[in-house]
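So this one's start_38.txt, compact mmCIF, C-alpha atoms and all ligand atoms:
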# COMPACT_ATOMS: atom_id res chain seq x y z
CA MET A 1 16.45 77.03 -129.41
CA LYS A 2 17.80 73.84 -127.86
CA HIS A 3 21.17 72.27 -127.45
CA ARG A 4 21.97 68.61 -127.26
CA PRO A 5 25.07 66.45 -127.17
CA VAL A 6 26.33 65.20 -130.51
CA ALA A 7 28.80 62.60 -131.67
CA ARG A 8 32.33 63.80 -131.06
CA PRO A 9 34.26 64.20 -134.34
CA LYS A 10 37.64 62.60 -134.79
CA LEU A 11 40.19 65.35 -134.65
CA ALA A 12 43.73 65.83 -135.71
CA VAL A 13 45.64 68.59 -137.35
CA SER A 14 48.89 69.32 -138.99
CA VAL A 15 49.70 72.88 -139.83
CA THR A 16 51.22 74.44 -142.88
CA GLY A 17 54.13 76.85 -142.70
CA LEU A 18 51.68 79.72 -143.14
CA GLN A 19 49.46 78.55 -140.31
CA HIS A 20 52.55 78.07 -138.18
CA ALA A 21 53.39 81.74 -138.81
CA TRP A 22 49.89 82.84 -137.76
CA LEU A 23 50.17 80.72 -134.65
CA GLY A 24 53.44 82.45 -133.87
CA ALA A 25 51.69 85.81 -134.29
CA MET A 26 48.95 84.56 -131.99
CA GLY A 27 51.63 83.77 -129.44
CA VAL A 28 51.32 79.99 -129.56
CA ASP A 29 54.50 77.96 -129.57
CA VAL A 30 53.64 74.73 -131.39
CA PRO A 31 56.76 72.56 -131.45
CA TRP A 32 54.65 69.45 -130.91
CA ILE A 33 52.80 69.82 -134.19
CA LYS A 34 54.24 67.71 -136.97
CA VAL A 35 55.20 70.06 -139.72
CA GLN A 36 57.85 68.02 -141.50
CA ALA A 37 55.45 65.57 -143.13
CA GLU A 38 53.44 68.44 -144.50
CA ALA A 39 56.38 70.57 -145.57
CA LYS A 40 55.98 70.07 -149.29
CA ALA A 41 52.23 70.73 -149.22
CA ALA A 42 52.80 73.69 -146.97
CA MET A 43 55.14 75.31 -149.47
CA VAL A 44 52.50 74.94 -152.17
CA GLN A 45 49.78 76.35 -149.93
CA ASP A 46 51.92 79.23 -148.77
CA ARG A 47 52.25 80.35 -152.37
CA ALA A 48 48.45 80.38 -152.60
CA GLY A 49 48.30 83.36 -150.24
CA PRO A 50 46.96 84.07 -146.77
CA GLN A 51 43.34 83.11 -147.52
CA ALA A 52 44.13 79.53 -148.51
CA GLU A 53 42.06 76.92 -146.74
CA PRO A 54 43.79 74.94 -143.99
CA SER A 55 45.10 71.56 -145.02
CA GLY A 56 46.13 68.42 -143.23
CA LEU A 57 42.91 67.99 -141.23
CA ALA A 58 42.72 64.25 -140.89
CA PRO A 59 41.57 61.78 -138.27
CA GLY A 60 44.14 60.36 -135.98
CA VAL A 61 44.74 62.21 -132.73
CA PRO A 62 41.97 61.43 -130.25
CA LEU A 63 40.56 63.99 -127.88
CA ARG A 64 40.44 63.18 -124.22
CA PRO A 65 37.19 61.41 -123.30
CA ALA A 66 34.38 63.81 -122.59
CA THR A 67 30.81 63.50 -121.43
CA PRO A 68 28.39 66.28 -122.24
CA MET A 69 27.63 68.18 -119.06
CA VAL A 70 25.07 70.72 -120.17
CA ARG A 71 21.55 70.66 -118.84
CA GLU A 72 18.39 70.92 -120.88
CA ALA A 73 17.80 74.30 -122.49
CA GLN A 74 15.76 76.69 -120.42
CA PRO A 75 13.65 79.52 -121.84
CA PRO A 76 15.08 83.00 -121.33
CA SER A 77 13.82 84.95 -118.35
CA ALA A 78 10.12 85.70 -118.62
CA ALA A 79 10.81 89.12 -117.11
CA ALA A 80 12.95 90.18 -120.05
CA PRO A 81 11.29 92.18 -122.79
CA ARG A 82 11.29 90.22 -126.03
CA PRO A 83 10.93 92.49 -129.07
CA ASP A 84 9.48 90.82 -132.15
CA LEU A 85 12.44 90.61 -134.50
CA GLY A 86 11.17 87.74 -136.62
CA GLY A 87 10.77 89.62 -139.88
CA LEU A 88 13.97 91.65 -139.75
CA CYS A 89 16.97 91.16 -142.02
CA LEU A 90 20.53 91.61 -140.76
CA ASP A 91 20.70 95.32 -141.61
CA GLU A 92 17.31 96.02 -140.05
CA LEU A 93 18.36 94.11 -136.97
CA ALA A 94 21.51 96.21 -136.67
CA GLU A 95 19.37 99.34 -136.92
CA GLN A 96 17.16 98.05 -134.10
CA VAL A 97 20.24 97.42 -131.98
CA ARG A 98 21.54 100.93 -132.61
CA HIS A 99 18.35 102.47 -131.23
CA CYS A 100 17.55 99.84 -128.60
CA GLN A 101 16.58 100.95 -125.10
CA GLN A 102 15.58 97.55 -123.73
CA CYS A 103 17.99 97.71 -120.81
CA ALA A 104 19.91 100.24 -118.74
CA LEU A 105 23.08 99.93 -120.82
CA CYS A 106 21.57 102.21 -123.46
CA ALA A 107 22.10 105.13 -121.09
CA THR A 108 25.88 104.80 -120.91
CA ARG A 109 26.87 103.45 -124.34
CA ARG A 110 28.41 105.54 -127.07
CA HIS A 111 27.67 103.00 -129.78
CA ALA A 112 25.65 99.82 -129.66
CA VAL A 113 27.65 97.13 -131.46
CA ALA A 114 25.44 94.73 -133.41
CA GLY A 115 28.20 92.76 -135.09
CA GLN A 116 30.52 92.61 -138.07
CA GLY A 117 31.23 90.13 -140.80
CA VAL A 118 29.77 88.25 -143.74
CA SER A 119 26.09 87.40 -144.01
CA HIS A 120 26.62 83.66 -144.53
CA PRO A 121 29.57 82.86 -142.28
CA GLN A 122 31.23 79.55 -141.72
CA ILE A 123 32.06 80.64 -138.16
CA LEU A 124 29.94 82.80 -135.87
CA VAL A 125 32.11 84.17 -133.08
CA VAL A 126 30.16 85.17 -129.97
CA GLY A 127 31.93 87.15 -127.27
CA GLU A 128 30.78 88.81 -124.07
CA ALA A 129 30.17 92.54 -124.56
CA PRO A 130 31.80 95.55 -126.23
CA GLY A 131 34.75 97.03 -124.39
CA GLU A 132 35.85 100.64 -124.29
CA GLN A 133 37.39 100.70 -127.76
CA GLU A 134 34.50 98.78 -129.30
CA ASP A 135 32.11 101.27 -127.71
CA VAL A 136 34.03 104.13 -129.32
CA GLU A 137 34.39 102.57 -132.76
CA GLY A 138 31.06 100.72 -132.94
CA GLN A 139 32.76 97.50 -134.07
CA PRO A 140 33.24 94.21 -132.19
CA PHE A 141 36.66 92.92 -131.12
CA VAL A 142 38.99 95.79 -131.94
CA GLY A 143 42.24 96.63 -130.18
CA ARG A 144 44.52 93.94 -128.77
CA SER A 145 41.74 91.41 -128.22
CA GLY A 146 40.61 91.93 -131.80
CA GLN A 147 44.13 91.45 -133.12
CA LEU A 148 44.48 88.23 -131.17
CA LEU A 149 41.10 87.01 -132.40
CA ASP A 150 42.08 87.77 -136.00
CA ASN A 151 45.31 85.80 -135.57
CA MET A 152 43.41 82.92 -134.00
CA LEU A 153 40.99 82.82 -136.92
CA ARG A 154 43.80 83.09 -139.48
CA SER A 155 45.60 80.19 -137.83
CA ILE A 156 42.76 77.96 -139.07
CA GLY A 157 42.45 79.72 -142.44
CA HIS A 158 39.58 82.12 -141.70
CA ASP A 159 39.10 85.87 -141.76
CA ARG A 160 36.42 88.15 -140.35
CA GLY A 161 36.06 89.82 -143.73
CA GLN A 162 35.49 86.60 -145.66
CA THR A 163 34.17 83.66 -143.66
CA VAL A 164 33.29 84.93 -140.19
CA TYR A 165 30.67 86.99 -138.37
CA ILE A 166 31.51 88.42 -134.95
CA THR A 167 29.08 89.57 -132.31
CA ASN A 168 28.57 89.66 -128.54
CA VAL A 169 25.98 88.40 -126.11
CA VAL A 170 25.33 91.97 -124.98
CA LYS A 171 25.48 94.65 -127.65
CA CYS A 172 26.21 97.66 -125.43
CA ARG A 173 29.23 98.24 -123.20
CA PRO A 174 28.70 97.69 -119.48
CA PRO A 175 30.17 100.66 -117.57
CA ALA A 176 33.83 100.22 -116.63
CA ASN A 177 33.81 96.86 -118.42
CA ARG A 178 31.98 95.17 -115.56
CA ASN A 179 30.34 91.83 -116.20
CA PRO A 180 26.95 92.05 -117.88
CA LYS A 181 24.03 91.49 -115.51
CA ASP A 182 21.53 88.69 -115.94
CA GLU A 183 18.75 91.10 -116.83
CA GLU A 184 20.92 92.79 -119.47
CA ILE A 185 21.79 89.46 -121.06
CA ALA A 186 18.14 88.44 -121.03
CA ALA A 187 17.04 91.75 -122.55
CA CYS A 188 19.58 91.41 -125.36
CA ARG A 189 19.04 87.69 -126.01
CA ALA A 190 16.46 88.20 -128.75
CA PHE A 191 19.04 89.95 -130.93
CA LEU A 192 21.47 87.05 -130.63
CA ASP A 193 18.75 84.52 -131.38
CA ARG A 194 17.70 86.41 -134.51
CA GLN A 195 21.33 86.69 -135.62
CA LEU A 196 21.67 82.92 -135.33
CA GLU A 197 18.54 82.42 -137.44
CA LEU A 198 19.71 84.84 -140.11
CA LEU A 199 23.37 83.91 -140.26
CA ARG A 200 22.97 80.10 -140.11
CA PRO A 201 26.69 79.57 -139.36
CA ARG A 202 28.28 76.18 -139.78
CA VAL A 203 29.97 76.47 -136.37
CA VAL A 204 29.43 78.77 -133.41
CA LEU A 205 32.59 79.67 -131.49
CA ALA A 206 31.59 80.79 -127.99
CA MET A 207 34.41 82.83 -126.46
CA GLY A 208 34.30 83.16 -122.70
CA ARG A 209 31.88 81.96 -120.07
CA PHE A 210 29.16 84.54 -120.71
CA ALA A 211 28.90 83.49 -124.36
CA ALA A 212 28.97 79.79 -123.47
CA HIS A 213 26.46 80.09 -120.64
CA THR A 214 24.07 82.25 -122.65
CA LEU A 215 24.14 80.14 -125.80
CA LEU A 216 23.87 76.83 -123.98
CA ASN A 217 21.67 77.91 -121.08
CA THR A 218 24.02 76.33 -118.59
CA ASP A 219 26.19 77.32 -115.67
CA VAL A 220 28.75 74.56 -116.17
CA SER A 221 32.26 75.97 -115.95
CA LEU A 222 34.00 76.98 -119.14
CA GLN A 223 36.77 74.47 -118.44
CA ASN A 224 34.20 71.68 -118.37
CA LEU A 225 32.48 72.86 -121.55
CA ARG A 226 35.67 73.02 -123.61
CA GLN A 227 36.24 70.09 -125.94
CA ARG A 228 32.71 68.82 -125.35
CA PRO A 229 30.41 67.86 -128.20
CA LEU A 230 27.80 70.63 -128.01
CA GLU A 231 25.09 71.67 -130.39
CA LEU A 232 22.38 74.30 -130.81
CA THR A 233 19.24 73.83 -132.82
CA VAL A 234 18.61 76.88 -134.98
CA SER A 235 15.45 76.93 -137.09
CA GLY A 236 15.27 73.16 -136.75
CA GLN A 237 18.85 72.62 -137.91
CA PRO A 238 21.76 71.48 -135.72
CA VAL A 239 24.67 73.87 -135.34
CA PRO A 240 27.77 72.67 -133.49
CA VAL A 241 29.14 74.88 -130.74
CA VAL A 242 32.79 75.07 -129.68
CA VAL A 243 33.61 76.75 -126.37
CA THR A 244 36.94 78.45 -125.77
CA TYR A 245 38.57 81.26 -123.82
CA HIS A 246 37.90 84.92 -124.55
CA PRO A 247 40.86 86.68 -126.24
CA ALA A 248 40.99 89.23 -123.40
CA TYR A 249 41.53 86.36 -120.95
CA LEU A 250 44.22 84.88 -123.21
CA LEU A 251 46.04 88.21 -123.21
CA ARG A 252 46.10 88.09 -119.42
CA ARG A 253 47.03 84.41 -119.32
CA PRO A 254 49.05 83.55 -122.46
CA VAL A 255 49.87 80.07 -121.22
CA ASP A 256 46.28 79.06 -122.03
CA LYS A 257 46.73 79.92 -125.71
CA ARG A 258 47.74 76.30 -126.19
CA LEU A 259 44.32 75.23 -124.95
CA ALA A 260 42.69 77.75 -127.26
CA TRP A 261 44.63 76.26 -130.15
CA ASP A 262 43.10 72.86 -129.30
CA ASP A 263 39.68 74.50 -129.47
CA LEU A 264 40.47 76.13 -132.82
CA LYS A 265 41.48 72.74 -134.22
CA ARG A 266 38.10 71.50 -133.12
CA VAL A 267 36.43 74.32 -135.05
CA ALA A 268 38.47 73.48 -138.15
CA SER A 269 37.51 69.82 -137.88
CA LEU A 270 33.82 70.72 -137.94
CA LEU A 271 34.00 72.75 -141.17
FE1 LIG B 1 19.35 96.94 -126.07
FE2 LIG B 1 21.10 94.95 -125.79
FE3 LIG B 1 21.94 97.49 -125.69
FE4 LIG B 1 20.48 96.50 -123.67
S1 LIG B 1 22.54 95.81 -124.30
S2 LIG B 1 20.19 98.50 -124.68
S3 LIG B 1 19.08 95.10 -124.79
S4 LIG B 1 21.05 96.44 -127.47
Can I see the file as structure tokens?
Amino acid sequence: MKHRPVARPKLAVSVTGLQHAWLGAMGVDVPWIKVQAEAKAAMVQDRAGPQAEPSGLAPGVPLRPATPMVREAQPPSAAAPRPDLGGLCLDELAEQVRHCQQCALCATRRHAVAGQGVSHPQILVVGEAPGEQEDVEGQPFVGRSGQLLDNMLRSIGHDRGQTVYITNVVKCRPPANRNPKDEEIAACRAFLDRQLELLRPRVVLAMGRFAAHTLLNTDVSLQNLRQRPLELTVSGQPVPVVVTYHPAYLLRRPVDKRLAWDDLKRVASLL
């Protein structure tokens, strides 16, 4: 799997009244977004219900100039065990994850968390690792981080039950929510690679530095990866990658939700 820089799409967004409401729920104050010009269309779309597609995505507002800063893809660590997952479907893969003992995290987990969502998603969300509540429930992104993620996705017209698949770089909870170790990430990498092959998402949304660094095989800072044109090659096909902050970070630092909203607009522009 390789990544390479791609042409940067033109990007602009106006939001409907419904999207504005989801942004409010997400905690983003968006007074700078022009709503008036879209008011009539927004009223029509609002009547269509919460699953209506976002409207008003049109070229116009340029992103700040950006030069891709990721290095060439490197193969995962040769020391990591690489189970052969090539013939497995999504359900079989989840079963493998549930019984996996490829790294030390299997000893302390309650539930391994393979992922959740639709089998042909428009957006594949990749986070870091299950937290305490995810470990208990066996589902990714639950609790406050999950609620924020759901609001973020809804703000661009998407829903984990309809157009999204959510997973993590590491499928088992690191004790006390510590950062996952390099060897744990390497041991778990094969599962993520197989998920990418099976899911074939239209866009990958990498949330947090562990997701960005693992997917892109880079150690460039998250700040310098945001708003960059990035791409993975999955089964010979290009898949754009958008890097943004992890919801848990945004809960600790709400002021950066505005930056996350910029990243979500980028996702919307790529769909
Ligand atoms: Fe297996 Fe990944 Fe869990 Fe480690 S974190 S035991 S590699 S599923």
(message) Given only C-alpha atoms as the basis, pick out the residue of A:Gly208, A:Pro175, A:Pro229, A:Gly143 nearest to A:Thr108.
(response)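 Of all the options, A:Pro175 lies closest to A:Thr108.
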(request) Around ligand LIG 1 (chain B), at most 6 Å away and counting only C-alpha atoms and all ligand atoms, which residues are there? Put them as a ChimeraX atom specification, please. (result) /A:97,100-103,105-106,112,170-172,184,187-188
(message) Nearest residue to A:Val241 out of A:Leu225, A:Val113, A:Val203, A:Leu270, using only C-alpha atoms?
(response)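 Closest to A:Val241 of all the choices is A:Val203.
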Please determine the residues with any atom at most 10 Å from (32.7, 80.8, -128.0) (coordinates as given in the file, with only C-alpha atoms counting) and report them as a tab-separated table (two decimals) with C-alpha atoms, keeping the file's coordinate frame.
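As written to disk, out_7.tsv reads:
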chain	number	residue	atom	x	y	z
A	124	LEU	CA	29.94	82.80	-135.87
A	125	VAL	CA	32.11	84.17	-133.08
A	126	VAL	CA	30.16	85.17	-129.97
A	127	GLY	CA	31.93	87.15	-127.27
A	128	GLU	CA	30.78	88.81	-124.07
A	168	ASN	CA	28.57	89.66	-128.54
A	203	VAL	CA	29.97	76.47	-136.37
A	204	VAL	CA	29.43	78.77	-133.41
A	205	LEU	CA	32.59	79.67	-131.49
A	206	ALA	CA	31.59	80.79	-127.99
A	207	MET	CA	34.41	82.83	-126.46
A	208	GLY	CA	34.30	83.16	-122.70
A	209	ARG	CA	31.88	81.96	-120.07
A	210	PHE	CA	29.16	84.54	-120.71
A	211	ALA	CA	28.90	83.49	-124.36
A	212	ALA	CA	28.97	79.79	-123.47
A	213	HIS	CA	26.46	80.09	-120.64
A	215	LEU	CA	24.14	80.14	-125.80
A	222	LEU	CA	34.00	76.98	-119.14
A	226	ARG	CA	35.67	73.02	-123.61
A	241	VAL	CA	29.14	74.88	-130.74
A	242	VAL	CA	32.79	75.07	-129.68
A	243	VAL	CA	33.61	76.75	-126.37
A	244	THR	CA	36.94	78.45	-125.77
A	245	TYR	CA	38.57	81.26	-123.82
A	246	HIS	CA	37.90	84.92	-124.55
A	263	ASP	CA	39.68	74.50	-129.47
Around stretch 228-235 of chain A, with edges along x, y and z and 3 Å added on all six sides, what centre and edge lengths do you get, in Å to one decimal, as JSON?
{"center_x": 24.1, "center_y": 72.4, "center_z": -131.2, "size_x": 23.3, "size_y": 15.1, "size_z": 17.7}
(request) Identify, on the basis of all atoms listed in the file, every residue whose closest approach to stretch 90-95 of chain A does not exceed 8 Å; exclude the query and any residue fewer than 5 positions from it along the same chain; express the result as a VMD selection string. (result) chain A and resid 85 114 to 115 119 191 195 198
